[in-house]
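> Below you will find the structure I want to go over with you.
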Amino acid sequence: MKIVFLIRSMTFGGAERQLIALARGLRDRGHEVHVCVFYAGGPMEAEFRATGLPLTVLGKRGRWDIVGFLGRLARFRRHERPDVLHGYLGMSNSLGVLLRPLHGARVVWGVRASDLDGHRDHWIYRLDAKIELLLSRFPDLIMTNSRAGRDHIVKLGFPAAKAIVIPNGIDSDRFRPDDRQRAAVRAELGVAGDELLVGRARRVDPQKDFPTFLRATAIVAPQRPTARFVCVGPGLDDYVRGLKALGEELGLGQRLIWLGARTDMPAVYNALDVMVSSSAYGEGTPNVVAEAMACGVPCVATDSGDSAWVVGDTGVVVSRGDVDAMAAAMIDLLDAVSQGAIDRGAVRQRIITNLSVDRLVDQTESALCRVVQERSAAWA
């Protein structure tokens with residue numbers, strides 16, 4: 001098959017990391033894979049190019065660069081003539097349907113989140129969501145990465161018959177326990193050997209509800225004086241400044257470390273003793289939880305998306321926004337770590353069993369082959 005993936009940019013994010021793993025896996029199985037992005041210069045673009053896969057940048061110059069952008073996209077699709085055009089998120093999905101007369105491919109949508117609250121997002125994203133809903137009966141297949149995500153879009157009005165669930169895949173060779181990496185990052189952060197490190201990783205965004213995490217740490221900190229806390233990930237400057245101010249107001253001081261964006265996430269996860277996902281909404285299958293678990297790190301997660309399924313019985317799941325429950329769960333896991341009661345091998349094995357890259361590629365390949373074969377049968 002010839003498969004073209006369409007995505008806005010290669011920014012830091014779970015969807016982008018999944019796209020890299022999936023595209024490489026399909027290429028390794030003999031398929032012709034091409035990725036097309038709207039905007040150049042995303043922070044994960046170099047990582048993608050290192051795979052050797054072809055990447056076309058459409059050079060969108062801004063939100064209102066519409067006519068020129070659509071012309072470049074139409075020429076690209078007309079030239080490539082893929083068997084499958086696979087959108088990844090929002091407008092990428094909608095454009096696959098709208099430009100179908102120009103490329104003639106089977107159109108597959110990728111929906112990567114659940115229970116998104118449109119009232120919390122910019123108006124352009126609310127408009128994007130409305131357009132996607134209106135067009136949702138036209139793609140040949142809609143892939144969600146979580147059961148919660150599928151349930152959510154079907155409730156909104158997406159056709160249930162076209163929506164399937166294919167969970168994320170985690171590269172367990174890349175995300176694995178590593179004592180050397182653990183020591184290096186903890187030394188960089190100035191975390192002593194007898195201190196326990198709790199982390200909240202990835203995009204610093206209202207969706208991820210960092211305030212609940214910070215308020216929970218303010219409860220934990222005086223009760224567990226050897227615990228320190230770290231927030232890792234990119235975010236808008238004003239929003240991050242507000243969170244840092246909240247941390248100071250809560251009296252966390254030097255107990256709380258802010259790292260910003262990192263490209264060495266396996267090393268960062270290894271430095272942690274407990275990982276926390278405080279997401280309020282929008283999770284599908286949370287990469288940050290699964291990646292940390294693949295490194296043997298137990299997790300506290302809110303009940304957003306399929307987080308509870310990912311964690312299973314290896315960690316603790318709490319209600320979204322429940323500061324006291326999150327603090328209690330953090331204390332429980334920190335105490336279990338201190339007592340040597342965490343089976344890190346079991347934490348890692350849950351991801352290897354349920355969220356392998358091979359499984360992601362197997363299921364995606366089968367689904368894409370099926371829609372292509374259905375088209376061939378219809379034309380026979």
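Order determines the names: the first chain of the structure tokens is A, the second B, and so forth; residues in each chain are numbered 1 upward, and ligands are numbered 1 upward as they are shown.
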Which residues of range 305-371 of chain A come within 9 Å of range 284-300 of chain A, and what is each one's closest atom pair and distance in Å (one decimal), counting only C-alpha atoms, sorted by chain and residue number, as a tab-separated table?


residue	atom	partner	partner_atom	distance
A:Gly305	CA	A:Gly284	CA	4.7
A:Asp306	CA	A:Thr285	CA	5.3
A:Ser307	CA	A:Pro286	CA	6.3
A:Trp309	CA	A:Thr285	CA	8.7
A:Val310	CA	A:Ala290	CA	6.7
A:Val311	CA	A:Cys299	CA	7.0
A:Thr314	CA	A:Pro298	CA	6.5
A:Gly315	CA	A:Cys299	CA	5.1
A:Val316	CA	A:Val300	CA	4.8
A:Val317	CA	A:Val300	CA	5.8
A:Val318	CA	A:Val300	CA	7.4
A:Met326	CA	A:Val300	CA	7.3
A:Ala329	CA	A:Val300	CA	6.6
A:Met330	CA	A:Val300	CA	6.7
A:Leu333	CA	A:Pro298	CA	7.5
A:Val337	CA	A:Pro298	CA	8.9
A:Ile342	CA	A:Pro298	CA	7.6
A:Asp343	CA	A:Gly296	CA	8.2
A:Arg344	CA	A:Gly296	CA	4.5
A:Gly345	CA	A:Gly296	CA	6.3
A:Ala346	CA	A:Gly296	CA	7.8
A:Val347	CA	A:Gly296	CA	5.4
A:Arg348	CA	A:Ala294	CA	4.3
A:Gln349	CA	A:Ala294	CA	7.4
A:Arg350	CA	A:Met293	CA	8.0
A:Ile351	CA	A:Ala294	CA	5.8
A:Ile352	CA	A:Ala294	CA	7.3
A:Leu355	CA	A:Ala290	CA	7.9

> Do you know which residues are at most 10 Å from range 357-372 of chain A counting only C-alpha atoms, after dropping those on the same chain fewer than 2 positions away, and could you put them as a PyMOL selection string?

chain A and resi 1+3+18+21-26+29+31+83-86+105-108+140-141+143+145+164-172+352-355+374-378

> Those residues you just picked out, can you put them in a file as a CSV table (one decimal), in the first residue's frame with C-alpha atoms?


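Dumped to part.csv:
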chain,number,residue,atom,x,y,z
A,1,MET,CA,0.0,0.0,0.0
A,3,ILE,CA,0.0,5.5,2.7
A,18,GLN,CA,2.8,7.6,17.8
A,21,ALA,CA,6.4,4.8,15.5
A,22,LEU,CA,3.5,3.8,13.2
A,23,ALA,CA,5.0,5.2,10.0
A,24,ARG,CA,8.3,3.5,10.7
A,25,GLY,CA,6.6,0.2,11.5
A,26,LEU,CA,4.5,0.2,8.3
A,29,ARG,CA,6.7,-4.1,6.6
A,31,HIS,CA,4.5,-0.3,2.6
A,83,ASP,CA,-4.1,4.2,-1.6
A,84,VAL,CA,-4.8,5.6,1.8
A,85,LEU,CA,-4.8,9.2,3.1
A,86,HIS,CA,-4.6,9.0,6.9
A,105,ALA,CA,-7.7,7.6,-1.9
A,106,ARG,CA,-9.5,5.8,0.9
A,107,VAL,CA,-9.7,8.3,3.7
A,108,VAL,CA,-8.9,7.3,7.3
A,140,ASP,CA,-14.0,5.2,5.2
A,141,LEU,CA,-12.7,4.5,8.7
A,143,MET,CA,-9.5,5.1,14.2
A,145,ASN,CA,-6.7,5.3,20.3
A,164,ILE,CA,-12.7,1.3,15.7
A,165,VAL,CA,-10.2,1.3,18.6
A,166,ILE,CA,-6.5,0.8,18.1
A,167,PRO,CA,-4.5,1.6,21.3
A,168,ASN,CA,-1.2,3.4,21.2
A,169,GLY,CA,2.1,1.5,20.9
A,170,ILE,CA,5.1,2.1,23.2
A,171,ASP,CA,8.6,1.4,22.1
A,172,SER,CA,9.7,-0.7,25.1
A,352,ILE,CA,4.8,-4.8,26.9
A,353,THR,CA,1.7,-7.0,27.0
A,354,ASN,CA,-1.0,-4.5,26.1
A,355,LEU,CA,0.7,-1.6,24.3
A,374,GLU,CA,-13.2,-3.2,0.2
A,375,ARG,CA,-12.6,-0.5,-2.4
A,376,SER,CA,-11.1,-3.0,-4.8
A,377,ALA,CA,-14.0,-5.4,-4.3
A,378,ALA,CA,-16.5,-2.6,-4.9

> Find the spatial neighbours of Arg81 in chain A, counting only C-alpha atoms, within a cut-off of 12 Å - ignore same-chain residues fewer than 5 positions away - and output them as a PDB file with N, CA and C atoms, in the first residue's frame.


ATOM      1  N   MET A   1       0.829  -1.200   0.000  1.00  0.00           N
ATOM      2  CA  MET A   1       0.000   0.000   0.000  1.00  0.00           C
ATOM      3  C   MET A   1       0.863   1.250   0.000  1.00  0.00           C
ATOM      4  N   LYS A   2       0.325   2.294  -0.583  1.00  0.00           N
ATOM      5  CA  LYS A   2       0.936   3.612  -0.481  1.00  0.00           C
ATOM      6  C   LYS A   2       0.082   4.426   0.487  1.00  0.00           C
ATOM      7  N   ILE A   3       0.699   4.841   1.604  1.00  0.00           N
ATOM      8  CA  ILE A   3      -0.022   5.502   2.689  1.00  0.00           C
ATOM      9  C   ILE A   3       0.575   6.883   2.909  1.00  0.00           C
ATOM     10  N   VAL A   4      -0.273   7.904   2.884  1.00  0.00           N
ATOM     11  CA  VAL A   4       0.155   9.265   3.206  1.00  0.00           C
ATOM     12  C   VAL A   4      -0.518   9.681   4.512  1.00  0.00           C
ATOM     13  N   GLU A  32       4.728   1.686   1.317  1.00  0.00           N
ATOM     14  CA  GLU A  32       5.292   2.986   0.939  1.00  0.00           C
ATOM     15  C   GLU A  32       4.603   4.049   1.795  1.00  0.00           C
ATOM     16  N   VAL A  33       5.370   4.707   2.649  1.00  0.00           N
ATOM     17  CA  VAL A  33       4.808   5.636   3.629  1.00  0.00           C
ATOM     18  C   VAL A  33       5.391   7.021   3.421  1.00  0.00           C
ATOM     19  N   HIS A  34       4.523   8.026   3.437  1.00  0.00           N
ATOM     20  CA  HIS A  34       4.936   9.412   3.261  1.00  0.00           C
ATOM     21  C   HIS A  34       4.171  10.243   4.286  1.00  0.00           C
ATOM     22  N   ALA A  74      -3.295  20.255  -2.558  1.00  0.00           N
ATOM     23  CA  ALA A  74      -3.962  19.567  -3.670  1.00  0.00           C
ATOM     24  C   ALA A  74      -2.946  19.039  -4.670  1.00  0.00           C
ATOM     25  N   ARG A  75      -1.929  19.834  -4.972  1.00  0.00           N
ATOM     26  CA  ARG A  75      -0.892  19.377  -5.926  1.00  0.00           C
ATOM     27  C   ARG A  75      -0.136  18.179  -5.364  1.00  0.00           C
ATOM     28  N   PHE A  76       0.165  18.225  -4.072  1.00  0.00           N
ATOM     29  CA  PHE A  76       0.876  17.102  -3.461  1.00  0.00           C
ATOM     30  C   PHE A  76       0.056  15.815  -3.562  1.00  0.00           C
ATOM     31  N   ARG A 100     -10.946  14.853  -1.429  1.00  0.00           N
ATOM     32  CA  ARG A 100     -10.979  13.483  -1.962  1.00  0.00           C
ATOM     33  C   ARG A 100     -11.085  13.430  -3.492  1.00  0.00           C
ATOM     34  N   PRO A 101     -11.839  14.326  -4.140  1.00  0.00           N
ATOM     35  CA  PRO A 101     -11.900  14.267  -5.603  1.00  0.00           C
ATOM     36  C   PRO A 101     -10.535  14.427  -6.277  1.00  0.00           C
ATOM     37  N   LEU A 102      -9.574  15.039  -5.573  1.00  0.00           N
ATOM     38  CA  LEU A 102      -8.260  15.271  -6.159  1.00  0.00           C
ATOM     39  C   LEU A 102      -7.285  14.130  -5.939  1.00  0.00           C
ATOM     40  N   HIS A 103      -7.507  13.323  -4.896  1.00  0.00           N
ATOM     41  CA  HIS A 103      -6.536  12.258  -4.626  1.00  0.00           C
ATOM     42  C   HIS A 103      -7.120  10.860  -4.795  1.00  0.00           C
ATOM     43  N   GLY A 104      -8.439  10.709  -4.671  1.00  0.00           N
ATOM     44  CA  GLY A 104      -9.076   9.432  -4.933  1.00  0.00           C
ATOM     45  C   GLY A 104      -8.733   8.315  -3.973  1.00  0.00           C
ATOM     46  N   ALA A 105      -8.130   8.639  -2.851  1.00  0.00           N
ATOM     47  CA  ALA A 105      -7.691   7.607  -1.912  1.00  0.00           C
ATOM     48  C   ALA A 105      -8.799   7.259  -0.926  1.00  0.00           C
ATOM     49  N   ARG A 106      -8.627   6.129  -0.262  1.00  0.00           N
ATOM     50  CA  ARG A 106      -9.453   5.829   0.887  1.00  0.00           C
ATOM     51  C   ARG A 106      -9.042   6.783   2.004  1.00  0.00           C
TER      52      ARG A 106
END

> Can you pull out every residue within 7 Å of range 40-46 of chain A, counting only C-alpha atoms, but drop anything in the same chain fewer than 3 positions away, and send it as a PDB file with N, CA and C atoms, in the first residue's frame?


ATOM      1  N   SER A   9       1.800  19.566  12.361  1.00  0.00           N
ATOM      2  CA  SER A   9       3.235  19.796  12.512  1.00  0.00           C
ATOM      3  C   SER A   9       3.815  18.698  13.382  1.00  0.00           C
ATOM      4  N   MET A  10       5.136  18.597  13.390  1.00  0.00           N
ATOM      5  CA  MET A  10       5.801  17.608  14.240  1.00  0.00           C
ATOM      6  C   MET A  10       6.236  18.272  15.537  1.00  0.00           C
ATOM      7  N   THR A  11       5.242  18.698  16.296  1.00  0.00           N
ATOM      8  CA  THR A  11       5.519  19.326  17.580  1.00  0.00           C
ATOM      9  C   THR A  11       5.669  18.252  18.653  1.00  0.00           C
ATOM     10  N   PHE A  12       6.016  18.660  19.889  1.00  0.00           N
ATOM     11  CA  PHE A  12       6.074  17.704  20.985  1.00  0.00           C
ATOM     12  C   PHE A  12       4.653  17.243  21.298  1.00  0.00           C
ATOM     13  N   ARG A  49      12.878  12.859  10.649  1.00  0.00           N
ATOM     14  CA  ARG A  49      13.759  12.746   9.480  1.00  0.00           C
ATOM     15  C   ARG A  49      14.835  11.689   9.699  1.00  0.00           C
ATOM     16  N   ALA A  50      15.226  11.471  10.940  1.00  0.00           N
ATOM     17  CA  ALA A  50      16.244  10.462  11.234  1.00  0.00           C
ATOM     18  C   ALA A  50      15.772   9.055  10.899  1.00  0.00           C
ATOM     19  N   VAL A  57       6.877  19.213   3.583  1.00  0.00           N
ATOM     20  CA  VAL A  57       6.413  20.366   4.351  1.00  0.00           C
ATOM     21  C   VAL A  57       5.661  21.291   3.394  1.00  0.00           C
ATOM     22  N   GLY A  59       4.495  24.231   4.053  1.00  0.00           N
ATOM     23  CA  GLY A  59       4.893  25.626   4.233  1.00  0.00           C
ATOM     24  C   GLY A  59       3.745  26.574   4.505  1.00  0.00           C
TER      25      GLY A  59
END

> Using only C-alpha atoms, which protein or nucleic acid residues come within 9 Å of Leu334 in chain A? Drop anything in the same chain fewer than 5 positions from it, and give the result as a PyMOL selection string.

chain A and resi 196-198+224+227+273-274+329+339

> Those residues you just picked out, can you put them in a file as a compact mmCIF listing (two decimals), in the first residue's frame with N, CA and C atoms?


# COMPACT_ATOMS: atom_id res chain seq x y z
N LEU A 196 13.11 11.11 47.12
CA LEU A 196 12.19 10.49 46.17
C LEU A 196 11.66 11.58 45.23
N LEU A 197 11.61 11.25 43.95
CA LEU A 197 11.25 12.25 42.94
C LEU A 197 9.92 11.89 42.29
N VAL A 198 8.98 12.83 42.36
CA VAL A 198 7.66 12.67 41.75
C VAL A 198 7.58 13.60 40.55
N ARG A 224 5.96 14.14 53.62
CA ARG A 224 7.06 13.31 53.14
C ARG A 224 8.23 14.23 52.79
N ALA A 227 10.62 13.94 49.75
CA ALA A 227 10.07 13.96 48.39
C ALA A 227 10.35 15.30 47.72
N ASP A 273 10.60 8.36 40.74
CA ASP A 273 10.14 7.24 41.57
C ASP A 273 8.64 7.03 41.41
N VAL A 274 7.91 8.11 41.13
CA VAL A 274 6.47 8.07 40.88
C VAL A 274 6.15 9.08 39.78
N ALA A 329 -2.89 9.25 47.08
CA ALA A 329 -2.33 8.24 46.17
C ALA A 329 -0.83 8.41 46.01
N GLN A 339 9.52 1.27 50.73
CA GLN A 339 9.51 -0.05 51.36
C GLN A 339 9.91 -1.17 50.40

> As a PyMOL selection string, please: every residue in range 212-366 of chain A that DSSP puts in alpha helix (DSSP H).

chain A and resi 212-223+237-249+265-271+287-294+307-311+323-338+344-354+357-366

> DSSP on the backbone: what in range 88-232 of chain A comes out strand (DSSP E), as a ChimeraX atom specification?

/A:88,106-111,141-144,163-165,196-201,227-232

> So that I can see what lies close to Cys231 in chain A, please list as a PyMOL selection string the residues with an atom at most 7 Å from it, counting only C-alpha atoms and leaving out residues fewer than 3 positions away in the same chain.

chain A and resi 199-201+257-259

> Select, from A:Asp313, A:Phe158, A:Gly13, A:Ser92, the residue with the minimum atom-to-atom distance to Ala261 in chain A, counting only C-alpha atoms.

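Looking only at the distances to Ala261 in chain A, the closest residue turns out to be A:Gly13.
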
> Between A:Glu132, A:Asp151, A:Glu16, A:Asp264, which has the minimum distance to Val185 in chain A (counting only C-alpha atoms)?

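Of A:Glu132, A:Asp151, A:Glu16, A:Asp264, the one nearest Val185 in chain A is A:Asp264, counting only C-alpha atoms.
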
> State, in Å with one decimal place, the distance from CA of Gln181 in chain A to CA of Ala267 in chain A.

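Result for CA of Gln181 in chain A versus CA of Ala267 in chain A: 4.9 Å, one decimal.
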
> So, with only C-alpha atoms as the atoms that count, which of A:Gln373, A:Thr51, A:Gln223, A:Gln207 lies closest to Asp335 in chain A?

A:Gln223

> If you measure from CA of Phe38 in chain A to CA of Leu236 in chain A, what distance in Å do you get, rounded to one decimal?

20.7 Å

> CA of Arg77 in chain A to CA of Ile153 in chain A: how many Å, to one decimal?

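CA of Ile153 in chain A lies at a distance of 27.5 Å from CA of Arg77 in chain A.
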
> Nearest to Gly96 in chain A among A:Ser319, A:Glu47, A:Leu6, A:Leu246, with distances taken over only C-alpha atoms: which residue is it?

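Using only C-alpha atoms, Gly96 in chain A sits closest to A:Leu6.
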
> Taking into account only C-alpha atoms, which residue in the set A:Pro266, A:Gly260, A:Gly251, A:Gly110 is nearest to Arg180 in chain A?

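That would be A:Pro266, the residue with the smallest distance to Arg180 in chain A.
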